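Written out below as structure tokens is the structure these notes cover.
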Amino acid sequence: MSRSGTSRGRVAWRLLLLILVLAFVGAAGWFWHDFTRFAVAPLRVSVTGESVDIERGTSFKDIVHQLRSQGLTTSTPFYWRLLAEKMHVAGRLHAGEYAITPGITPQELLTHMAQGKVMHRDVTIVDGWTFRDVLQALNKADKLKHETAGLDDATIMQKIGAPGEKPEGRFLPETYAYVKGDSDLDVLRRAHEAMDKTLATLWAQRDPKLPLNSPYEALILASIVEKETGRADERPRIAGVFIRRLEKNMLLQTDPTVIYGMGASYAGNIHKSDLTTDTPYNTYTRPGLPPTPIAMPGKPAIEAALHPAQGEELYFVARGDGTHAFASTLDEQNRNVACYQLKRCR
């Protein structure tokens, strides 16, 4: 071969090598660009409230397969593995349910999984609910294990660490967050602890000389106040009426306790015969407080029971518009009843 032929061969090989290098660089650049785009591109979220539920022991390969089967991603599993290795989280993903919110990226989802930032749901205990109402709400709560089914009240209280307590009034009205795997007993336990702490704090700050012998008696009174009015400005006045009646050994004569004592027989109306039918909760026939709370009082109602308004009012009657007319004498009360209940205003 001539010297010129050898030179042309070397040039050709160098040119080929250059082409191969440029092709490799171009492919690497395209790959890195595509991988970077994948890491920060939003997942395909088709419905609001979507989630991915990762069971304990699920491998990384199966996690990616689950994401693909739910239609959240079409990217290659290699990209997911490379991203997890780049983030140093491949072996640190936690089991649990994770929210797939609109706009969430693969990078953000893997971060949530590595941090165990699982999806939270809420269940609310409403001021004035009874224990039956609370159980019904927990039974309807999504992804909450229902362990109270078939249990009586005594067993439920024993399981949450409060053996011997009656459940009525014992759970603080509030919104409680929970995660998949939690049970209704877990929520009840937290709500019970919250009530215990709130009641203890407020009892320590109570007005002196109240005719209440224990925090539990305050809870009972607060539950009556809760059921009598939803108006913040009236709670202390109504509490004051009941406190003064207790001090004077007068019957409380409050309809909500009668209704509670009627149980399932209450059909929406209370009759004169109901007021004379004796039950442990009939405050028209029995003196003092009823034996247990009649509902779950909220913190404002407890505060009102422990800080009642001063004055001489001993009676009140509903006006029919959500407010009450208060009276200090029976004659004044009778006029209010005639006006607002019998529609015979003078």
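FYI, nothing fancy with the structure tokens labels: chains A, B, ... in order, residues from 1 per chain, ligands from 1 as they appear.
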
Please provide as a ChimeraX atom specification all residues within 10 Å of Ile63 of chain A, with the sequence filter that same-chain residues fewer than 5 positions apart are discarded (counting only C-alpha atoms). /A:52-55,58,68-69,77,80,93,95

Saved selection, atoms kept: all heavy atoms, as a PDB file, in the first residue's frame:
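Everything below was put into out-v4.pdb:
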ATOM      1  N   VAL A  52     -51.734   6.158  45.610  1.00  0.00           N
ATOM      2  CA  VAL A  52     -51.083   4.878  45.352  1.00  0.00           C
ATOM      3  C   VAL A  52     -50.810   4.234  46.703  1.00  0.00           C
ATOM      4  O   VAL A  52     -50.305   4.880  47.625  1.00  0.00           O
ATOM      5  CB  VAL A  52     -49.785   5.060  44.541  1.00  0.00           C
ATOM      6  CG1 VAL A  52     -48.787   5.967  45.255  1.00  0.00           C
ATOM      7  CG2 VAL A  52     -49.154   3.714  44.237  1.00  0.00           C
ATOM      8  N   ASP A  53     -51.206   2.992  46.823  1.00  0.00           N
ATOM      9  CA  ASP A  53     -51.124   2.281  48.095  1.00  0.00           C
ATOM     10  C   ASP A  53     -50.022   1.234  48.010  1.00  0.00           C
ATOM     11  O   ASP A  53     -50.150   0.241  47.279  1.00  0.00           O
ATOM     12  CB  ASP A  53     -52.475   1.625  48.395  1.00  0.00           C
ATOM     13  CG  ASP A  53     -52.561   1.110  49.823  1.00  0.00           C
ATOM     14  OD1 ASP A  53     -51.566   1.250  50.562  1.00  0.00           O
ATOM     15  OD2 ASP A  53     -53.609   0.552  50.195  1.00  0.00           O
ATOM     16  N   ILE A  54     -48.937   1.453  48.733  1.00  0.00           N
ATOM     17  CA  ILE A  54     -47.789   0.556  48.696  1.00  0.00           C
ATOM     18  C   ILE A  54     -47.826  -0.361  49.918  1.00  0.00           C
ATOM     19  O   ILE A  54     -47.728   0.107  51.063  1.00  0.00           O
ATOM     20  CB  ILE A  54     -46.463   1.348  48.675  1.00  0.00           C
ATOM     21  CG1 ILE A  54     -46.464   2.356  47.517  1.00  0.00           C
ATOM     22  CG2 ILE A  54     -45.285   0.392  48.581  1.00  0.00           C
ATOM     23  CD1 ILE A  54     -46.655   1.759  46.162  1.00  0.00           C
ATOM     24  N   GLU A  55     -48.010  -1.633  49.672  1.00  0.00           N
ATOM     25  CA  GLU A  55     -48.056  -2.595  50.768  1.00  0.00           C
ATOM     26  C   GLU A  55     -46.660  -2.847  51.325  1.00  0.00           C
ATOM     27  O   GLU A  55     -45.645  -2.694  50.627  1.00  0.00           O
ATOM     28  CB  GLU A  55     -48.663  -3.916  50.288  1.00  0.00           C
ATOM     29  CG  GLU A  55     -50.095  -3.811  49.787  1.00  0.00           C
ATOM     30  CD  GLU A  55     -51.087  -3.484  50.903  1.00  0.00           C
ATOM     31  OE1 GLU A  55     -50.739  -3.722  52.078  1.00  0.00           O
ATOM     32  OE2 GLU A  55     -52.186  -2.985  50.602  1.00  0.00           O
ATOM     33  N   THR A  58     -43.239  -4.503  49.466  1.00  0.00           N
ATOM     34  CA  THR A  58     -43.271  -4.331  48.012  1.00  0.00           C
ATOM     35  C   THR A  58     -41.896  -3.903  47.495  1.00  0.00           C
ATOM     36  O   THR A  58     -41.282  -2.985  48.033  1.00  0.00           O
ATOM     37  CB  THR A  58     -44.317  -3.278  47.612  1.00  0.00           C
ATOM     38  OG1 THR A  58     -45.588  -3.653  48.125  1.00  0.00           O
ATOM     39  CG2 THR A  58     -44.420  -3.162  46.103  1.00  0.00           C
ATOM     40  N   ARG A  68     -47.246   2.236  36.881  1.00  0.00           N
ATOM     41  CA  ARG A  68     -47.540   2.083  35.458  1.00  0.00           C
ATOM     42  C   ARG A  68     -48.925   1.483  35.235  1.00  0.00           C
ATOM     43  O   ARG A  68     -49.660   1.893  34.339  1.00  0.00           O
ATOM     44  CB  ARG A  68     -46.457   1.225  34.793  1.00  0.00           C
ATOM     45  CG  ARG A  68     -45.106   1.939  34.656  1.00  0.00           C
ATOM     46  CD  ARG A  68     -43.991   0.966  34.254  1.00  0.00           C
ATOM     47  NE  ARG A  68     -44.234   0.380  32.937  1.00  0.00           N
ATOM     48  CZ  ARG A  68     -43.875   0.912  31.790  1.00  0.00           C
ATOM     49  NH1 ARG A  68     -43.221   2.086  31.772  1.00  0.00           N
ATOM     50  NH2 ARG A  68     -44.110   0.311  30.641  1.00  0.00           N
ATOM     51  N   SER A  69     -49.292   0.503  36.080  1.00  0.00           N
ATOM     52  CA  SER A  69     -50.596  -0.144  35.919  1.00  0.00           C
ATOM     53  C   SER A  69     -51.745   0.803  36.243  1.00  0.00           C
ATOM     54  O   SER A  69     -52.852   0.658  35.724  1.00  0.00           O
ATOM     55  CB  SER A  69     -50.690  -1.390  36.806  1.00  0.00           C
ATOM     56  OG  SER A  69     -50.663  -1.037  38.182  1.00  0.00           O
ATOM     57  N   PRO A  77     -39.039   1.648  33.551  1.00  0.00           N
ATOM     58  CA  PRO A  77     -38.588   1.379  34.926  1.00  0.00           C
ATOM     59  C   PRO A  77     -37.134   1.769  35.150  1.00  0.00           C
ATOM     60  O   PRO A  77     -36.755   2.105  36.280  1.00  0.00           O
ATOM     61  CB  PRO A  77     -38.791  -0.140  35.063  1.00  0.00           C
ATOM     62  CG  PRO A  77     -39.911  -0.451  34.119  1.00  0.00           C
ATOM     63  CD  PRO A  77     -39.689   0.468  32.952  1.00  0.00           C
ATOM     64  N   TRP A  80     -36.956   5.235  36.472  1.00  0.00           N
ATOM     65  CA  TRP A  80     -37.347   5.301  37.877  1.00  0.00           C
ATOM     66  C   TRP A  80     -36.213   4.812  38.776  1.00  0.00           C
ATOM     67  O   TRP A  80     -35.917   5.410  39.802  1.00  0.00           O
ATOM     68  CB  TRP A  80     -38.614   4.479  38.123  1.00  0.00           C
ATOM     69  CG  TRP A  80     -39.860   5.172  37.677  1.00  0.00           C
ATOM     70  CD1 TRP A  80     -40.476   5.090  36.465  1.00  0.00           C
ATOM     71  CD2 TRP A  80     -40.646   6.086  38.456  1.00  0.00           C
ATOM     72  NE1 TRP A  80     -41.594   5.882  36.429  1.00  0.00           N
ATOM     73  CE2 TRP A  80     -41.731   6.507  37.641  1.00  0.00           C
ATOM     74  CE3 TRP A  80     -40.556   6.585  39.749  1.00  0.00           C
ATOM     75  CZ2 TRP A  80     -42.697   7.398  38.076  1.00  0.00           C
ATOM     76  CZ3 TRP A  80     -41.525   7.476  40.210  1.00  0.00           C
ATOM     77  CH2 TRP A  80     -42.579   7.882  39.374  1.00  0.00           C
ATOM     78  N   LEU A  93     -37.672   3.436  50.636  1.00  0.00           N
ATOM     79  CA  LEU A  93     -39.065   3.807  50.403  1.00  0.00           C
ATOM     80  C   LEU A  93     -39.971   3.090  51.398  1.00  0.00           C
ATOM     81  O   LEU A  93     -39.837   1.891  51.621  1.00  0.00           O
ATOM     82  CB  LEU A  93     -39.466   3.458  48.963  1.00  0.00           C
ATOM     83  CG  LEU A  93     -38.617   4.091  47.860  1.00  0.00           C
ATOM     84  CD1 LEU A  93     -39.189   3.750  46.491  1.00  0.00           C
ATOM     85  CD2 LEU A  93     -38.514   5.608  48.042  1.00  0.00           C
ATOM     86  N   ALA A  95     -43.643   1.824  53.063  1.00  0.00           N
ATOM     87  CA  ALA A  95     -44.992   1.388  52.703  1.00  0.00           C
ATOM     88  C   ALA A  95     -46.000   2.417  53.191  1.00  0.00           C
ATOM     89  O   ALA A  95     -45.735   3.195  54.110  1.00  0.00           O
ATOM     90  CB  ALA A  95     -45.286   0.024  53.323  1.00  0.00           C
TER      91      ALA A  95
END

I need the residues in segment 43-76 of chain A that are strand (DSSP E or B) according to DSSP; give them as a ChimeraX atom specification. /A:51-54

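Excluding Ser51 of chain A itself and any same-chain residue fewer than 2 positions from it, the protein and nucleic acid residues within 6 Å of it, counting only C-alpha atoms, are Tyr98, Ala99 and Ile100 of chain A.
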
Can you pull out every residue within 7 Å of Phe326 of chain A, counting only C-alpha atoms, but drop anything in the same chain fewer than 3 positions away, and send it as a PyMOL selection string? chain A and resi 313+315-317

Could you dump the residues just selected with N, CA, C and O atoms as a PDB file, in the first residue's frame?
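Contents of result-v5.pdb, freshly written:
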ATOM      1  N   GLU A 313     -80.865  35.706  86.751  1.00  0.00           N
ATOM      2  CA  GLU A 313     -81.755  34.966  85.849  1.00  0.00           C
ATOM      3  C   GLU A 313     -81.847  33.497  86.256  1.00  0.00           C
ATOM      4  O   GLU A 313     -80.831  32.853  86.529  1.00  0.00           O
ATOM      5  N   TYR A 315     -84.516  31.532  84.567  1.00  0.00           N
ATOM      6  CA  TYR A 315     -85.337  30.911  83.539  1.00  0.00           C
ATOM      7  C   TYR A 315     -84.907  31.406  82.158  1.00  0.00           C
ATOM      8  O   TYR A 315     -84.340  32.491  82.022  1.00  0.00           O
ATOM      9  N   PHE A 316     -85.220  30.621  81.154  1.00  0.00           N
ATOM     10  CA  PHE A 316     -85.105  31.085  79.765  1.00  0.00           C
ATOM     11  C   PHE A 316     -86.046  30.256  78.908  1.00  0.00           C
ATOM     12  O   PHE A 316     -86.422  29.142  79.252  1.00  0.00           O
ATOM     13  N   VAL A 317     -86.429  30.831  77.784  1.00  0.00           N
ATOM     14  CA  VAL A 317     -87.306  30.143  76.840  1.00  0.00           C
ATOM     15  C   VAL A 317     -86.869  30.508  75.428  1.00  0.00           C
ATOM     16  O   VAL A 317     -86.417  31.634  75.170  1.00  0.00           O
TER      17      VAL A 317
END

Taking the backbone alone, and naming residues the way the document does, which bits of segment 71-155 of chain A are alpha helix (DSSP H) by DSSP, as a ChimeraX atom specification? /A:77-87,106-115,131-140,153-155

Write the selection just made, keeping N, CA and C atoms, as a short mmCIF file (atom, residue, chain, number, x, y, z; two decimals), in the first residue's frame?
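Saved the output as again.cif:
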data_model
loop_
_atom_site.label_atom_id
_atom_site.label_comp_id
_atom_site.auth_asym_id
_atom_site.auth_seq_id
_atom_site.Cartn_x
_atom_site.Cartn_y
_atom_site.Cartn_z
N PRO A 77 -39.04 1.65 33.55
CA PRO A 77 -38.59 1.38 34.93
C PRO A 77 -37.13 1.77 35.15
N PHE A 78 -36.33 1.73 34.07
CA PHE A 78 -34.92 2.12 34.20
C PHE A 78 -34.81 3.57 34.66
N TYR A 79 -35.65 4.46 34.12
CA TYR A 79 -35.63 5.85 34.54
C TYR A 79 -35.96 5.98 36.03
N TRP A 80 -36.96 5.24 36.47
CA TRP A 80 -37.35 5.30 37.88
C TRP A 80 -36.21 4.81 38.78
N ARG A 81 -35.58 3.70 38.37
CA ARG A 81 -34.47 3.18 39.16
C ARG A 81 -33.31 4.17 39.18
N LEU A 82 -32.98 4.74 38.02
CA LEU A 82 -31.88 5.71 37.96
C LEU A 82 -32.17 6.93 38.83
N LEU A 83 -33.42 7.42 38.80
CA LEU A 83 -33.79 8.57 39.62
C LEU A 83 -33.68 8.25 41.10
N ALA A 84 -34.15 7.07 41.49
CA ALA A 84 -34.07 6.67 42.90
C ALA A 84 -32.63 6.54 43.36
N GLU A 85 -31.76 5.99 42.48
CA GLU A 85 -30.34 5.87 42.83
C GLU A 85 -29.69 7.25 42.92
N LYS A 86 -30.04 8.12 41.99
CA LYS A 86 -29.51 9.48 42.00
C LYS A 86 -29.92 10.23 43.28
N MET A 87 -31.15 9.96 43.77
CA MET A 87 -31.64 10.61 44.98
C MET A 87 -31.22 9.87 46.26
N PRO A 106 -42.30 12.70 39.55
CA PRO A 106 -41.64 11.50 40.07
C PRO A 106 -40.66 11.81 41.20
N GLN A 107 -39.94 12.89 41.06
CA GLN A 107 -38.97 13.27 42.09
C GLN A 107 -39.68 13.57 43.41
N GLU A 108 -40.80 14.29 43.36
CA GLU A 108 -41.55 14.62 44.58
C GLU A 108 -42.18 13.37 45.19
N LEU A 109 -42.70 12.48 44.34
CA LEU A 109 -43.32 11.26 44.87
C LEU A 109 -42.29 10.39 45.58
N LEU A 110 -41.12 10.22 44.98
CA LEU A 110 -40.08 9.42 45.63
C LEU A 110 -39.62 10.08 46.94
N THR A 111 -39.58 11.39 46.97
CA THR A 111 -39.23 12.10 48.21
C THR A 111 -40.26 11.81 49.29
N HIS A 112 -41.55 11.87 48.94
CA HIS A 112 -42.60 11.57 49.90
C HIS A 112 -42.48 10.14 50.42
N MET A 113 -42.20 9.21 49.52
CA MET A 113 -42.08 7.81 49.92
C MET A 113 -40.87 7.58 50.82
N ALA A 114 -39.78 8.28 50.53
CA ALA A 114 -38.57 8.15 51.35
C ALA A 114 -38.77 8.74 52.74
N GLN A 115 -39.60 9.79 52.82
CA GLN A 115 -39.86 10.45 54.10
C GLN A 115 -41.05 9.84 54.84
N PHE A 131 -72.57 9.90 71.53
CA PHE A 131 -71.60 8.85 71.24
C PHE A 131 -72.06 8.00 70.05
N ARG A 132 -73.38 7.80 69.93
CA ARG A 132 -73.89 7.05 68.76
C ARG A 132 -73.56 7.79 67.46
N ASP A 133 -73.67 9.11 67.48
CA ASP A 133 -73.33 9.90 66.29
C ASP A 133 -71.85 9.74 65.93
N VAL A 134 -71.01 9.74 66.95
CA VAL A 134 -69.57 9.60 66.73
C VAL A 134 -69.26 8.25 66.08
N LEU A 135 -69.84 7.19 66.60
CA LEU A 135 -69.59 5.86 66.05
C LEU A 135 -70.07 5.76 64.61
N GLN A 136 -71.19 6.38 64.30
CA GLN A 136 -71.71 6.35 62.93
C GLN A 136 -70.75 7.07 61.98
N ALA A 137 -70.21 8.22 62.42
CA ALA A 137 -69.27 8.96 61.58
C ALA A 137 -67.99 8.16 61.35
N LEU A 138 -67.49 7.50 62.38
CA LEU A 138 -66.28 6.70 62.25
C LEU A 138 -66.53 5.51 61.33
N ASN A 139 -67.72 4.96 61.40
CA ASN A 139 -68.06 3.81 60.56
C ASN A 139 -68.07 4.18 59.08
N LYS A 140 -68.36 5.45 58.78
CA LYS A 140 -68.42 5.92 57.39
C LYS A 140 -67.07 6.45 56.89
N ASP A 153 -70.49 -0.55 74.68
CA ASP A 153 -69.81 0.66 75.15
C ASP A 153 -68.71 0.34 76.15
N ALA A 154 -68.99 -0.57 77.07
CA ALA A 154 -68.02 -0.89 78.12
C ALA A 154 -66.74 -1.47 77.51
N THR A 155 -66.89 -2.33 76.51
CA THR A 155 -65.72 -2.93 75.87
C THR A 155 -64.92 -1.90 75.09
#

Distance table requested - segment 267-319 of chain A against segment 161-165 of chain A, cut-off 12 Å, only C-alpha atoms: one row per qualifying residue with the closest atom pair and its distance in Å to one decimal, ordered by chain and rising residue number, as JSON lines.
{"residue": "A:Pro291", "atom": "CA", "partner": "A:Glu165", "partner_atom": "CA", "distance": 12.0}
{"residue": "A:Thr292", "atom": "CA", "partner": "A:Glu165", "partner_atom": "CA", "distance": 10.0}
{"residue": "A:Pro293", "atom": "CA", "partner": "A:Glu165", "partner_atom": "CA", "distance": 11.6}

Could you pull the residues within 9 Å of Gly288 of chain A, counting only C-alpha atoms, minus those fewer than 4 positions along the same chain, as an MDAnalysis selection string? chainID A and resid 245:246 249:252 283

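The gap separating atom CA of Ala295 of chain A from atom CA of Gly150 of chain A is 21.7 Å, in Å to one decimal.
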
Just the residues within 10 Å of segment 178-183 of chain A, please, counting only C-alpha atoms, with nothing from its chain fewer than 2 positions along; format it as a list in words.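 Once the nearby chain positions are removed, what remains is Asp53, Gly96, Glu97, Tyr98, Val118, Met119, His120, Arg121, Asp122, Val123, Leu138, Asn139, Ala141, Asp142, Lys143, Leu144, Lys145, His146, Glu147, Thr148, Thr175, Tyr176, Leu185, Asp186, Val187, Leu188 and Arg189 of chain A.
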
Which neighbours of Ile243 of chain A fall inside 10 Å, counting only C-alpha atoms, when residues of the same chain fewer than 2 positions from it are skipped, and could you give them as a PyMOL selection string? chain A and resi 210-212+221+237-241+245-250+252+305-306+308-310+314

Mind dumping the selected residues with N, CA and C atoms as a PDB file, in the first residue's frame?
ATOM      1  N   LEU A 210     -68.121  27.450  92.563  1.00  0.00           N
ATOM      2  CA  LEU A 210     -69.126  26.787  91.736  1.00  0.00           C
ATOM      3  C   LEU A 210     -69.688  25.580  92.479  1.00  0.00           C
ATOM      4  N   PRO A 211     -70.978  25.306  92.356  1.00  0.00           N
ATOM      5  CA  PRO A 211     -71.565  24.137  93.021  1.00  0.00           C
ATOM      6  C   PRO A 211     -71.318  22.848  92.222  1.00  0.00           C
ATOM      7  N   LEU A 212     -70.095  22.692  91.768  1.00  0.00           N
ATOM      8  CA  LEU A 212     -69.708  21.512  91.001  1.00  0.00           C
ATOM      9  C   LEU A 212     -68.571  20.833  91.744  1.00  0.00           C
ATOM     10  N   LEU A 221     -72.693  19.371  82.961  1.00  0.00           N
ATOM     11  CA  LEU A 221     -73.335  20.672  82.782  1.00  0.00           C
ATOM     12  C   LEU A 221     -73.003  21.260  81.410  1.00  0.00           C
ATOM     13  N   ARG A 237     -74.664  32.795  79.809  1.00  0.00           N
ATOM     14  CA  ARG A 237     -75.929  33.141  80.470  1.00  0.00           C
ATOM     15  C   ARG A 237     -76.731  31.893  80.820  1.00  0.00           C
ATOM     16  N   ILE A 238     -76.781  30.945  79.878  1.00  0.00           N
ATOM     17  CA  ILE A 238     -77.512  29.701  80.145  1.00  0.00           C
ATOM     18  C   ILE A 238     -76.813  28.893  81.232  1.00  0.00           C
ATOM     19  N   ALA A 239     -75.495  28.864  81.196  1.00  0.00           N
ATOM     20  CA  ALA A 239     -74.750  28.190  82.263  1.00  0.00           C
ATOM     21  C   ALA A 239     -75.042  28.857  83.606  1.00  0.00           C
ATOM     22  N   GLY A 240     -75.122  30.193  83.606  1.00  0.00           N
ATOM     23  CA  GLY A 240     -75.428  30.919  84.838  1.00  0.00           C
ATOM     24  C   GLY A 240     -76.792  30.561  85.390  1.00  0.00           C
ATOM     25  N   VAL A 241     -77.781  30.392  84.509  1.00  0.00           N
ATOM     26  CA  VAL A 241     -79.115  29.992  84.955  1.00  0.00           C
ATOM     27  C   VAL A 241     -79.044  28.645  85.669  1.00  0.00           C
ATOM     28  N   ARG A 245     -79.740  27.682  89.667  1.00  0.00           N
ATOM     29  CA  ARG A 245     -80.777  26.721  90.030  1.00  0.00           C
ATOM     30  C   ARG A 245     -80.197  25.603  90.893  1.00  0.00           C
ATOM     31  N   LEU A 246     -78.977  25.178  90.575  1.00  0.00           N
ATOM     32  CA  LEU A 246     -78.324  24.170  91.420  1.00  0.00           C
ATOM     33  C   LEU A 246     -78.080  24.719  92.826  1.00  0.00           C
ATOM     34  N   GLU A 247     -77.644  25.962  92.906  1.00  0.00           N
ATOM     35  CA  GLU A 247     -77.373  26.571  94.205  1.00  0.00           C
ATOM     36  C   GLU A 247     -78.642  26.697  95.039  1.00  0.00           C
ATOM     37  N   LYS A 248     -79.778  26.901  94.380  1.00  0.00           N
ATOM     38  CA  LYS A 248     -81.051  27.090  95.079  1.00  0.00           C
ATOM     39  C   LYS A 248     -81.828  25.778  95.218  1.00  0.00           C
ATOM     40  N   ASN A 249     -81.193  24.661  94.797  1.00  0.00           N
ATOM     41  CA  ASN A 249     -81.851  23.344  94.846  1.00  0.00           C
ATOM     42  C   ASN A 249     -83.138  23.314  94.025  1.00  0.00           C
ATOM     43  N   MET A 250     -83.159  24.061  92.940  1.00  0.00           N
ATOM     44  CA  MET A 250     -84.287  24.035  92.017  1.00  0.00           C
ATOM     45  C   MET A 250     -84.060  22.957  90.961  1.00  0.00           C
ATOM     46  N   LEU A 252     -83.597  21.515  87.386  1.00  0.00           N
ATOM     47  CA  LEU A 252     -83.023  22.155  86.199  1.00  0.00           C
ATOM     48  C   LEU A 252     -84.058  22.325  85.097  1.00  0.00           C
ATOM     49  N   ALA A 305     -69.553  26.630  81.200  1.00  0.00           N
ATOM     50  CA  ALA A 305     -69.986  25.951  82.418  1.00  0.00           C
ATOM     51  C   ALA A 305     -69.088  26.283  83.605  1.00  0.00           C
ATOM     52  N   LEU A 306     -67.817  26.535  83.335  1.00  0.00           N
ATOM     53  CA  LEU A 306     -66.866  26.828  84.406  1.00  0.00           C
ATOM     54  C   LEU A 306     -66.684  28.321  84.655  1.00  0.00           C
ATOM     55  N   PRO A 308     -69.623  30.801  84.357  1.00  0.00           N
ATOM     56  CA  PRO A 308     -70.988  31.249  84.046  1.00  0.00           C
ATOM     57  C   PRO A 308     -71.157  32.747  84.260  1.00  0.00           C
ATOM     58  N   ALA A 309     -72.096  33.311  83.520  1.00  0.00           N
ATOM     59  CA  ALA A 309     -72.397  34.733  83.684  1.00  0.00           C
ATOM     60  C   ALA A 309     -73.045  34.979  85.039  1.00  0.00           C
ATOM     61  N   GLN A 310     -72.698  36.105  85.645  1.00  0.00           N
ATOM     62  CA  GLN A 310     -73.309  36.495  86.906  1.00  0.00           C
ATOM     63  C   GLN A 310     -74.678  37.107  86.646  1.00  0.00           C
ATOM     64  N   LEU A 314     -83.089  33.010  86.294  1.00  0.00           N
ATOM     65  CA  LEU A 314     -83.352  31.624  86.690  1.00  0.00           C
ATOM     66  C   LEU A 314     -84.108  30.844  85.617  1.00  0.00           C
TER      67      LEU A 314
END

Enter the distance from atom CA of Ala194 of chain A to atom CA of Glu217 of chain A, in Å, rounded to one decimal.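 A separation of 17.7 Å between them.
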